[in-house]
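S.K.: Can you keep this structure in mind? I'll have questions shortly.
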Amino acid sequence: MDLNIIINYVNVVILGICLCIGYMLKNAVSSNKINRYIPLIMGILGTVLAIASNIHQINLEIILMGLISGLASTGLYETFKNLINKRE
């Protein structure tokens with residue numbers, strides 16, 4: 001199965017917004033309890049942003065785009081964090 005089709009559903013603006021908000025949540029809240037909910041929060045936020053940006057047509061593809069973009073932001077954060085930690 002080719003997963004490259006998923007790249008078509010990534011919205012860079014939504015990904016960036018979710019990445020920034022996820023970063024702020026991770027660093028602003030000192031409790032580790034919030035960390036386990038960040039992917040859920042980013043998935044919901046990404047979906048809300050995708051629906052808000054495409055209010056004239058809401059369908060399953062728009063919802064999928066929001067979910068993938070929001071969840072991809074958590075993976076992108078982890079990738080950057082691991083790259084930075086390797087350099088140190």
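Ordering of the structure tokens sets the chain letters (A, B, ...); residue numbers start at 1 within each chain; ligands are numbered from 1 in the order shown.
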Based on DSSP run over this structure's backbone, return all residues of chain A in helix (DSSP H, G or I), as a ChimeraX atom specification.

M.R.: /A:3-9,12-28,35-53,60-87

S.K.: Could I get the residues of stretch 55-84 of chain A with an atom no further than 9 Å from an atom of stretch 16-38 of chain A, each paired with its nearest atom pair and that distance in Å to one decimal, using only C-alpha atoms, sorted by chain and residue number, as a tab-separated table?

M.R.:
```
residue	atom	partner	partner_atom	distance
A:Ser69	CA	A:Cys18	CA	7.9
A:Gly70	CA	A:Cys18	CA	5.7
A:Leu71	CA	A:Cys18	CA	8.4
A:Ala72	CA	A:Leu19	CA	8.5
A:Ser73	CA	A:Leu19	CA	4.8
A:Thr74	CA	A:Leu19	CA	6.7
A:Leu76	CA	A:Leu19	CA	7.6
A:Tyr77	CA	A:Leu19	CA	6.7
```

S.K.: Those same residues, written as a PDB file, in the first residue's frame with N, CA and C atoms?

M.R.:
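Saved to result.pdb:
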```pdb
ATOM      1  N   SER A  69      -3.495  16.621   9.080  1.00  0.00           N
ATOM      2  CA  SER A  69      -2.633  17.778   9.305  1.00  0.00           C
ATOM      3  C   SER A  69      -2.370  17.989  10.788  1.00  0.00           C
ATOM      4  N   GLY A  70      -3.395  17.867  11.610  1.00  0.00           N
ATOM      5  CA  GLY A  70      -3.230  18.030  13.053  1.00  0.00           C
ATOM      6  C   GLY A  70      -2.338  16.966  13.661  1.00  0.00           C
ATOM      7  N   LEU A  71      -2.548  15.718  13.260  1.00  0.00           N
ATOM      8  CA  LEU A  71      -1.734  14.637  13.806  1.00  0.00           C
ATOM      9  C   LEU A  71      -0.317  14.666  13.250  1.00  0.00           C
ATOM     10  N   ALA A  72      -0.163  15.112  12.014  1.00  0.00           N
ATOM     11  CA  ALA A  72       1.185  15.224  11.439  1.00  0.00           C
ATOM     12  C   ALA A  72       2.009  16.253  12.197  1.00  0.00           C
ATOM     13  N   SER A  73       1.353  17.244  12.772  1.00  0.00           N
ATOM     14  CA  SER A  73       2.098  18.251  13.531  1.00  0.00           C
ATOM     15  C   SER A  73       2.766  17.641  14.756  1.00  0.00           C
ATOM     16  N   THR A  74       2.140  16.656  15.376  1.00  0.00           N
ATOM     17  CA  THR A  74       2.766  16.006  16.534  1.00  0.00           C
ATOM     18  C   THR A  74       3.971  15.192  16.093  1.00  0.00           C
ATOM     19  N   LEU A  76       5.806  15.817  13.436  1.00  0.00           N
ATOM     20  CA  LEU A  76       6.816  16.783  13.024  1.00  0.00           C
ATOM     21  C   LEU A  76       7.537  17.360  14.235  1.00  0.00           C
ATOM     22  N   TYR A  77       6.792  17.634  15.289  1.00  0.00           N
ATOM     23  CA  TYR A  77       7.410  18.133  16.529  1.00  0.00           C
ATOM     24  C   TYR A  77       8.403  17.114  17.076  1.00  0.00           C
TER      25      TYR A  77
END
```

S.K.: Could you please determine the separation between atom CA of A:Leu15 and atom CA of A:Leu67 in Å, to one decimal place?

M.R.: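 Value for the atom CA of A:Leu15-atom CA of A:Leu67 distance: 9.8 Å.
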
S.K.: Excluding A:Leu49 and any residue of its chain fewer than 5 positions from it, enumerate the residues within 9 Å of it, using only C-alpha atoms, and give them as a PyMOL selection string.

M.R.: chain A and resi 14+44+54+66

S.K.: For atom CA of A:Ile6 and atom CA of A:Leu64, quote the distance in Å rounded to one decimal.

M.R.: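 If I compute the distance from atom CA of A:Ile6 to atom CA of A:Leu64, I get 9.5 Å.
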
S.K.: Kindly indicate which residue among A:Met65, A:Pro39, A:Asn59, A:Val48 lies nearest to A:Ile5, using only C-alpha atoms for the distances.

M.R.: A:Met65

S.K.: Would you compute the distance between atom CA of A:Ile41 and atom CA of A:Val10? Give it in Å to one decimal.

M.R.: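 One can read the atom CA of A:Ile41 to atom CA of A:Val10 distance as 17.0 Å.
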
S.K.: Identify which of the residues A:Val12, A:Thr47, A:Lys86, A:Asn4 lies closest to A:Leu60, counting only C-alpha atoms when measuring atom-to-atom distances.

M.R.: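 When distances to A:Leu60 are compared using only C-alpha atoms, the smallest one comes from A:Thr47.
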